[in-house]
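A.B. asks: The following file, data.cif, comprises mmCIF, C-alpha atoms:
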```cif
data_query
#
loop_
_atom_site.group_PDB
_atom_site.id
_atom_site.type_symbol
_atom_site.label_atom_id
_atom_site.label_comp_id
_atom_site.auth_asym_id
_atom_site.auth_seq_id
_atom_site.Cartn_x
_atom_site.Cartn_y
_atom_site.Cartn_z
ATOM 1 C CA MET A 26 0.514 -46.069 22.353
ATOM 2 C CA VAL A 27 0.633 -42.306 22.195
ATOM 3 C CA LEU A 28 1.935 -42.544 18.645
ATOM 4 C CA ALA A 29 -0.864 -44.861 17.601
ATOM 5 C CA GLY A 30 -3.412 -42.487 19.084
ATOM 6 C CA LEU A 31 -1.799 -39.608 17.243
ATOM 7 C CA VAL A 32 -1.868 -41.459 13.937
ATOM 8 C CA ALA A 33 -5.499 -42.365 14.469
ATOM 9 C CA SER A 34 -6.477 -38.786 15.225
ATOM 10 C CA VAL A 35 -4.534 -37.491 12.228
ATOM 11 C CA THR A 36 -6.193 -40.053 9.966
ATOM 12 C CA ARG A 37 -9.589 -39.123 11.324
ATOM 13 C CA GLY A 38 -8.813 -35.476 10.760
ATOM 14 C CA VAL A 39 -7.671 -36.050 7.193
ATOM 15 C CA LEU A 40 -10.660 -38.231 6.391
ATOM 16 C CA SER A 41 -13.104 -35.707 7.749
ATOM 17 C CA ARG A 42 -11.563 -33.105 5.475
ATOM 18 C CA VAL A 43 -11.503 -35.359 2.444
ATOM 19 C CA GLN A 44 -15.150 -36.225 2.866
ATOM 20 C CA ILE A 45 -16.418 -32.738 2.324
ATOM 21 C CA PRO A 46 -15.551 -32.393 -1.374
ATOM 22 C CA VAL A 47 -16.766 -35.943 -2.053
ATOM 23 C CA ASN A 48 -20.165 -35.088 -0.625
ATOM 24 C CA LEU A 49 -20.243 -31.870 -2.606
ATOM 25 C CA GLN A 50 -19.560 -33.741 -5.792
ATOM 26 C CA GLN A 51 -22.506 -36.017 -5.220
ATOM 27 C CA SER A 52 -24.979 -33.266 -4.495
ATOM 28 C CA GLY A 53 -25.178 -29.772 -5.917
ATOM 29 C CA LEU A 54 -21.624 -29.249 -7.122
ATOM 30 C CA GLN A 55 -22.463 -29.059 -10.786
ATOM 31 C CA ALA A 56 -24.939 -26.238 -10.404
ATOM 32 C CA VAL A 57 -22.631 -24.345 -8.031
ATOM 33 C CA GLY A 58 -19.631 -25.025 -10.228
ATOM 34 C CA ALA A 59 -21.273 -23.622 -13.326
ATOM 35 C CA ALA A 60 -22.337 -20.363 -11.699
ATOM 36 C CA GLY A 61 -19.204 -20.061 -9.558
ATOM 37 C CA SER A 62 -16.665 -20.573 -12.307
ATOM 38 C CA LEU A 63 -18.511 -18.141 -14.541
ATOM 39 C CA SER A 64 -18.366 -15.332 -11.994
ATOM 40 C CA ILE A 65 -14.712 -16.041 -11.198
ATOM 41 C CA TRP A 66 -13.857 -16.053 -14.860
ATOM 42 C CA ARG A 67 -15.668 -12.795 -15.398
ATOM 43 C CA SER A 68 -13.797 -11.015 -12.636
ATOM 44 C CA PHE A 69 -10.479 -11.971 -14.212
ATOM 45 C CA ALA A 70 -11.404 -11.318 -17.797
ATOM 46 C CA LYS A 71 -13.039 -7.944 -17.481
ATOM 47 C CA GLY A 72 -10.749 -4.990 -18.074
ATOM 48 C CA THR A 73 -12.248 -2.393 -15.785
ATOM 49 C CA TYR A 74 -11.048 0.938 -17.010
ATOM 50 C CA LEU A 75 -12.209 3.670 -14.724
ATOM 51 C CA ASP A 76 -14.245 6.569 -15.997
ATOM 52 C CA LYS A 77 -11.948 9.460 -16.774
ATOM 53 C CA ASN A 78 -14.013 12.025 -14.882
ATOM 54 C CA GLU A 79 -13.926 9.859 -11.796
ATOM 55 C CA VAL A 80 -10.167 9.403 -12.138
ATOM 56 C CA THR A 81 -9.749 13.160 -12.506
ATOM 57 C CA ASP A 82 -11.786 13.845 -9.368
ATOM 58 C CA ARG A 83 -9.916 11.310 -7.285
ATOM 59 C CA VAL A 84 -6.467 12.319 -8.540
ATOM 60 C CA LEU A 85 -7.167 15.977 -7.784
ATOM 61 C CA ASN A 86 -8.511 15.008 -4.385
ATOM 62 C CA VAL A 87 -5.307 13.111 -3.560
ATOM 63 C CA VAL A 88 -3.147 16.036 -4.664
ATOM 64 C CA LYS A 89 -5.266 18.544 -2.723
ATOM 65 C CA HIS A 90 -4.877 16.526 0.455
ATOM 66 C CA PHE A 91 -1.097 16.393 0.156
ATOM 67 C CA GLU A 92 0.131 18.475 3.041
ATOM 68 C CA LYS A 93 2.470 20.812 1.154
ATOM 69 C CA VAL A 94 -0.008 21.675 -1.593
ATOM 70 C CA ASP A 95 -2.120 24.821 -1.775
ATOM 71 C CA GLU A 96 -5.414 23.278 -2.869
ATOM 72 C CA ASN A 97 -6.546 26.399 -4.728
ATOM 73 C CA LYS A 98 -3.714 25.910 -7.214
ATOM 74 C CA VAL A 99 -4.727 22.343 -8.095
ATOM 75 C CA ASN A 100 -6.323 21.795 -11.498
ATOM 76 C CA PRO A 101 -6.327 18.905 -13.999
ATOM 77 C CA SER A 102 -3.184 20.085 -15.808
ATOM 78 C CA VAL A 103 -0.907 21.231 -13.000
ATOM 79 C CA ASN A 104 2.775 20.279 -12.888
ATOM 80 C CA PHE A 105 3.865 19.102 -9.434
ATOM 81 C CA GLN A 106 7.286 20.700 -9.429
ATOM 82 C CA ARG A 107 6.817 23.771 -11.606
ATOM 83 C CA ASP A 108 3.332 24.859 -10.471
ATOM 84 C CA LEU A 109 2.908 23.396 -7.002
ATOM 85 C CA GLY A 110 6.457 23.957 -5.754
ATOM 86 C CA LEU A 111 7.045 20.328 -4.820
ATOM 87 C CA ASP A 112 10.482 18.750 -5.084
ATOM 88 C CA SER A 113 11.343 15.359 -6.574
ATOM 89 C CA LEU A 114 10.957 13.565 -3.228
ATOM 90 C CA ASP A 115 7.467 15.058 -2.819
ATOM 91 C CA THR A 116 6.645 13.857 -6.318
ATOM 92 C CA VAL A 117 7.610 10.324 -5.294
ATOM 93 C CA GLU A 118 5.261 10.618 -2.307
ATOM 94 C CA VAL A 119 2.405 11.923 -4.448
ATOM 95 C CA VAL A 120 2.798 9.045 -6.912
ATOM 96 C CA MET A 121 2.838 6.607 -3.979
ATOM 97 C CA ALA A 122 -0.405 8.215 -2.786
ATOM 98 C CA PHE A 123 -1.928 7.547 -6.217
ATOM 99 C CA GLU A 124 -0.855 3.916 -5.945
ATOM 100 C CA GLU A 125 -2.594 3.638 -2.600
ATOM 101 C CA GLU A 126 -5.757 5.401 -3.771
ATOM 102 C CA PHE A 127 -6.195 3.313 -6.923
ATOM 103 C CA GLY A 128 -4.770 0.012 -5.664
ATOM 104 C CA VAL A 129 -2.157 -0.305 -8.400
ATOM 105 C CA GLU A 130 1.593 -0.656 -8.359
ATOM 106 C CA ILE A 131 3.265 1.813 -10.678
ATOM 107 C CA PRO A 132 6.690 0.554 -11.829
ATOM 108 C CA ASP A 133 9.697 2.862 -11.404
ATOM 109 C CA ALA A 134 10.012 3.645 -15.099
ATOM 110 C CA GLU A 135 6.379 4.784 -15.278
ATOM 111 C CA ALA A 136 6.457 6.568 -11.935
ATOM 112 C CA GLU A 137 9.372 8.686 -13.161
ATOM 113 C CA LYS A 138 7.228 9.979 -16.030
ATOM 114 C CA ILE A 139 4.347 11.129 -13.849
ATOM 115 C CA LEU A 140 5.183 14.764 -13.200
ATOM 116 C CA SER A 141 1.772 16.394 -13.483
ATOM 117 C CA THR A 142 -1.859 15.675 -12.623
ATOM 118 C CA ASN A 143 -2.539 15.306 -16.338
ATOM 119 C CA GLU A 144 0.018 12.514 -16.725
ATOM 120 C CA ALA A 145 -1.281 10.802 -13.605
ATOM 121 C CA ILE A 146 -4.873 10.892 -14.904
ATOM 122 C CA GLU A 147 -3.775 9.538 -18.296
ATOM 123 C CA TYR A 148 -1.793 6.721 -16.714
ATOM 124 C CA ILE A 149 -4.505 5.630 -14.270
ATOM 125 C CA ALA A 150 -7.346 5.921 -16.788
ATOM 126 C CA SER A 151 -5.434 3.597 -19.109
ATOM 127 C CA HIS A 152 -4.609 1.134 -16.336
ATOM 128 C CA PRO A 153 -6.970 -1.875 -16.441
ATOM 129 C CA GLN A 154 -6.496 -2.827 -12.782
ATOM 130 C CA ALA A 155 -7.116 0.613 -11.294
ATOM 131 C CA LYS A 156 -10.040 0.587 -8.866
ATOM 132 C CA MET B 19 22.091 14.993 -12.275
ATOM 133 C CA PRO B 20 23.137 11.345 -12.598
ATOM 134 C CA GLY B 21 21.941 9.012 -9.883
ATOM 135 C CA THR B 22 18.937 11.046 -8.775
ATOM 136 C CA ALA B 23 16.628 8.534 -10.443
ATOM 137 C CA GLU B 24 18.299 5.825 -8.405
ATOM 138 C CA VAL B 25 17.808 7.837 -5.224
ATOM 139 C CA ARG B 26 14.120 8.366 -6.029
ATOM 140 C CA SER B 27 13.836 4.662 -6.701
ATOM 141 C CA LEU B 28 15.405 3.911 -3.314
ATOM 142 C CA TYR B 29 13.018 6.314 -1.591
ATOM 143 C CA ARG B 30 10.107 4.650 -3.362
ATOM 144 C CA ALA B 31 11.380 1.234 -2.246
ATOM 145 C CA PHE B 32 11.481 2.413 1.391
ATOM 146 C CA LEU B 33 7.932 3.746 1.209
ATOM 147 C CA ARG B 34 6.746 0.528 -0.457
ATOM 148 C CA GLU B 35 8.348 -1.584 2.263
ATOM 149 C CA SER B 36 6.990 0.583 5.062
ATOM 150 C CA VAL B 37 3.350 -0.246 4.258
ATOM 151 C CA LYS B 38 4.086 -3.945 4.694
ATOM 152 C CA PHE B 39 4.559 -3.690 8.452
ATOM 153 C CA PRO B 40 1.496 -4.989 10.285
ATOM 154 C CA ASN B 41 2.222 -2.857 13.338
ATOM 155 C CA TYR B 42 1.011 0.751 13.115
ATOM 156 C CA ASN B 43 3.872 2.209 15.138
ATOM 157 C CA ILE B 44 6.654 0.565 13.152
ATOM 158 C CA ARG B 45 4.917 1.236 9.842
ATOM 159 C CA GLU B 46 4.640 4.932 10.549
ATOM 160 C CA TYR B 47 8.141 5.079 11.992
ATOM 161 C CA VAL B 48 9.748 3.538 8.893
ATOM 162 C CA LYS B 49 7.858 5.940 6.660
ATOM 163 C CA ARG B 50 8.759 8.934 8.816
ATOM 164 C CA ARG B 51 12.396 7.878 9.130
ATOM 165 C CA ALA B 52 12.739 7.408 5.371
ATOM 166 C CA THR B 53 11.206 10.818 4.726
ATOM 167 C CA THR B 54 13.420 12.651 7.225
ATOM 168 C CA GLY B 55 16.509 10.718 6.146
ATOM 169 C CA PHE B 56 16.119 11.527 2.478
ATOM 170 C CA ARG B 57 15.135 15.137 3.224
ATOM 171 C CA GLN B 58 18.104 15.645 5.498
ATOM 172 C CA HIS B 59 20.536 15.065 2.638
ATOM 173 C CA ALA B 60 18.374 16.429 -0.173
ATOM 174 C CA THR B 61 20.852 19.200 -0.979
ATOM 175 C CA GLU B 62 23.989 17.074 -0.652
ATOM 176 C CA LYS B 63 26.411 17.719 -3.528
ATOM 177 C CA ASP B 64 29.575 15.851 -2.522
ATOM 178 C CA THR B 65 29.691 12.680 -4.620
ATOM 179 C CA ALA B 66 31.746 10.752 -2.050
ATOM 180 C CA VAL B 67 29.180 11.499 0.656
ATOM 181 C CA LEU B 68 26.353 10.666 -1.754
ATOM 182 C CA ASP B 69 27.970 7.335 -2.527
ATOM 183 C CA SER B 70 28.301 6.377 1.116
ATOM 184 C CA LEU B 71 24.725 7.526 1.802
ATOM 185 C CA ARG B 72 23.472 5.429 -1.066
ATOM 186 C CA GLN B 73 25.289 2.371 0.215
ATOM 187 C CA GLN B 74 23.953 3.010 3.706
ATOM 188 C CA ALA B 75 20.433 3.362 2.323
ATOM 189 C CA GLN B 76 20.733 0.113 0.417
ATOM 190 C CA ALA B 77 21.914 -1.708 3.539
ATOM 191 C CA ASP B 78 19.088 -0.136 5.562
ATOM 192 C CA LEU B 79 16.568 -1.133 2.937
ATOM 193 C CA GLU B 80 17.637 -4.746 3.351
ATOM 194 C CA VAL B 81 17.135 -4.409 7.106
ATOM 195 C CA VAL B 82 13.665 -2.948 6.558
ATOM 196 C CA LYS B 83 12.750 -5.773 4.167
ATOM 197 C CA ARG B 84 13.917 -8.394 6.631
ATOM 198 C CA GLN B 85 12.166 -6.746 9.564
ATOM 199 C CA ALA B 86 8.910 -6.497 7.618
ATOM 200 C CA ILE B 87 8.993 -10.289 7.340
ATOM 201 C CA VAL B 88 9.998 -10.798 10.967
ATOM 202 C CA TYR B 89 7.214 -8.494 12.170
ATOM 203 C CA HIS B 90 4.766 -10.518 10.113
ATOM 204 C CA LEU B 91 5.875 -13.736 11.775
ATOM 205 C CA TYR B 92 5.220 -12.302 15.231
ATOM 206 C CA SER B 93 2.323 -9.989 14.459
ATOM 207 C CA ARG B 94 -0.581 -9.819 16.852
ATOM 208 C CA LYS B 95 -4.143 -10.376 15.739
ATOM 209 C CA GLN B 96 -5.264 -7.383 17.731
ATOM 210 C CA LYS B 97 -4.844 -4.204 15.747
ATOM 211 C CA SER B 98 -3.552 -0.925 17.021
ATOM 212 C CA VAL B 99 -6.323 1.496 17.896
ATOM 213 C CA MET B 100 -4.949 3.736 15.121
ATOM 214 C CA ASP B 101 -5.769 1.069 12.525
ATOM 215 C CA ILE B 102 -9.445 0.802 13.391
ATOM 216 C CA PRO B 103 -11.825 3.220 11.688
ATOM 217 C CA LEU B 104 -13.553 5.393 14.295
ATOM 218 C CA ALA B 105 -17.075 4.329 13.236
ATOM 219 C CA THR B 106 -16.243 0.622 13.615
ATOM 220 C CA MET B 107 -14.710 1.226 17.020
ATOM 221 C CA LEU B 108 -17.734 3.149 18.297
ATOM 222 C CA GLU B 109 -20.101 0.452 17.031
ATOM 223 C CA GLU B 110 -18.116 -2.263 18.776
ATOM 224 C CA GLN B 111 -18.037 -0.295 21.994
ATOM 225 C CA ALA B 112 -21.772 0.316 21.822
ATOM 226 C CA ALA B 113 -22.429 -3.373 21.221
ATOM 227 C CA ALA B 114 -20.178 -4.405 24.116
ATOM 228 C CA ALA B 115 -21.496 -1.824 26.557
ATOM 229 C CA PRO B 116 -23.181 -3.580 29.531
ATOM 230 C CA TYR B 117 -25.387 -0.631 30.394
ATOM 231 C CA SER B 118 -28.317 0.495 28.290
ATOM 232 C CA GLN B 119 -30.886 3.271 28.407
ATOM 233 C CA SER B 120 -33.057 1.254 30.864
ATOM 234 C CA SER B 121 -30.574 1.624 33.742
ATOM 235 C CA SER B 122 -30.651 4.814 35.771
#
```
I'd like the structure from this file rewritten - as structure tokens, please.
C.D. replies:
Amino acid sequence: MVLAGLVASVTRGVLSRVQIPVNLQQSGLQAVGAAGSLSIWRSFAKGTYLDKNEVTDRVLNVVKHFEKVDENKVNPSVNFQRDLGLDSLDTVEVVMAFEEEFGVEIPDAEAEKILSTNEAIEYIASHPQAK
Amino acid sequence: MPGTAEVRSLYRAFLRESVKFPNYNIREYVKRRATTGFRQHATEKDTAVLDSLRQQAQADLEVVKRQAIVYHLYSRKQKSVMDIPLATMLEEQAAAAPYSQSSS
């Protein structure tokens, strides 16, 4: 008895879910589908390279806000270890901060090459997913 | 020096894992612990010690990865107060406040 009730309620639940797309198909799905798929497609297809000036500003801002950095020394071509006195562990943290700021994941091999603000700006400006 | 790239990669892996914790306290603790741990032995030269530290770090990283998943399974919907932007919090408090300017 309990089992039968359960089956019935599950069936009802499934049916009520299935009905929604069927209804959609009969009514305005075509119009919605055309516009919807276009906008989805666009968001995937567009390579959104960021403006280099904007990247520069944001990269410098990240570096300036790093706790061990004297912000007066920061400029677009400063080397983290030679000019800012950071060590290799700090450099890892700075690169992680860039990842967070621009919403990208920088693979190890690339992260190892980013040793100055200049290299960071170049990398992010040429990264299509940076935002 | 050989192996420093591997150490940096390990440190990066710890920091990457730390952000996955839903709980503010644990997230910040893992980050802080990784930073202090790597700093503590930053000047270590003895290769035997370095080897054992590296193995320890790798084992710990596995623990962190596993715990990130476990914490996700049992995470609470309610966020820590540290995770809520101040403006949002003030707005919510203002909206929920039972008293208004009309009361004395």
A.B. asks: Find, counting all atoms listed in the file, the residue in B:Gln111, B:Asn41, B:Ser93, B:Ser36 that gets nearest to chain A.
C.D. replies: B:Ser36
A.B. asks: Apply the PyMOL selection byres ((chain B) within 8 of (chain A)) to the structure shown and report the selected residues as an MDAnalysis selection string.
C.D. replies: chainID B and resid 23 26:27 29:30 33 56:57
A.B. asks: Suppose a student applies the PyMOL selection byres ((chain B and resi 32) around 12) to this structure; what residues should they get, written as a ChimeraX atom specification?
C.D. replies: /A:117-118,121 /B:25-31,33-39,45-56,75-83,86
A.B. asks: Tell me which residues come within 12 Å of (-5.1, 10.1, -19.6), as a PyMOL selection string, counting all atoms listed in the file in the file's coordinates.
C.D. replies: chain A and resi 74-81+84+101-102+139+141-152
A.B. asks: So how far away is atom CA of Ala122 of chain A from atom CA of Asn86 of chain A, in Å?
C.D. replies: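 Straight-line distance from atom CA of Asn86 of chain A to atom CA of Ala122 of chain A works out to 10.7 Å.
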A.B. asks: Just say which residues the PyMOL selection byres ((chain A and resi 155) around 6) picks in this file, as a short mmCIF file (atom, residue, chain, number, x, y, z; two decimals) with C-alpha atoms, in the frame of the given file.
C.D. replies:
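Resulting contents of part_29.cif:
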```cif
data_model
loop_
_atom_site.label_atom_id
_atom_site.label_comp_id
_atom_site.auth_asym_id
_atom_site.auth_seq_id
_atom_site.Cartn_x
_atom_site.Cartn_y
_atom_site.Cartn_z
CA PHE A 127 -6.20 3.31 -6.92
CA VAL A 129 -2.16 -0.30 -8.40
CA HIS A 152 -4.61 1.13 -16.34
CA PRO A 153 -6.97 -1.88 -16.44
CA GLN A 154 -6.50 -2.83 -12.78
CA LYS A 156 -10.04 0.59 -8.87
#
```
A.B. asks: Taking all atoms listed in the file into account, which of B:Ala112, B:Asp64, B:Gly21, B:Pro40 comes nearest Lys95 of chain B?
C.D. replies: B:Pro40
A.B. asks: Show which residues sit within 12 Å of Leu109 of chain A, as a ChimeraX atom specification. Count all atoms listed in the file, and ignore same-chain residues fewer than 3 positions away.
C.D. replies: /A:88-89,91-100,102-106,112-113,115-116,119,140-142
A.B. asks: Go ahead and dump the residues you just picked, C-alpha atoms, as a CSV table (one decimal), in the coordinates of the input.
C.D. replies:
```csv
chain,number,residue,atom,x,y,z
A,88,VAL,CA,-3.1,16.0,-4.7
A,89,LYS,CA,-5.3,18.5,-2.7
A,91,PHE,CA,-1.1,16.4,0.2
A,92,GLU,CA,0.1,18.5,3.0
A,93,LYS,CA,2.5,20.8,1.2
A,94,VAL,CA,0.0,21.7,-1.6
A,95,ASP,CA,-2.1,24.8,-1.8
A,96,GLU,CA,-5.4,23.3,-2.9
A,97,ASN,CA,-6.5,26.4,-4.7
A,98,LYS,CA,-3.7,25.9,-7.2
A,99,VAL,CA,-4.7,22.3,-8.1
A,100,ASN,CA,-6.3,21.8,-11.5
A,102,SER,CA,-3.2,20.1,-15.8
A,103,VAL,CA,-0.9,21.2,-13.0
A,104,ASN,CA,2.8,20.3,-12.9
A,105,PHE,CA,3.9,19.1,-9.4
A,106,GLN,CA,7.3,20.7,-9.4
A,112,ASP,CA,10.5,18.8,-5.1
A,113,SER,CA,11.3,15.4,-6.6
A,115,ASP,CA,7.5,15.1,-2.8
A,116,THR,CA,6.6,13.9,-6.3
A,119,VAL,CA,2.4,11.9,-4.4
A,140,LEU,CA,5.2,14.8,-13.2
A,141,SER,CA,1.8,16.4,-13.5
A,142,THR,CA,-1.9,15.7,-12.6
```
A.B. asks: Atom CA of Lys138 of chain A and atom CA of Thr65 of chain B, how far apart in Å?
C.D. replies: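 Interatomic distance here is 25.3 Å.
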A.B. asks: Set up a box along x, y and z of the file covering all listed atoms of segment 113-129 of chain A, add 8 Å on every one of the six sides, and write the centre and edge lengths in Å to one decimal, as lines of an AutoDock Vina configuration file.
C.D. replies:
```
center_x = 2.6
center_y = 7.5
center_z = -5.4
size_x = 33.5
size_y = 31.7
size_z = 22.1
```
A.B. asks: Give me, please, the distance in Å between atom CA of Ile102 of chain B and atom CA of Tyr42 of chain B, quoted to one decimal.
C.D. replies: 10.5 Å
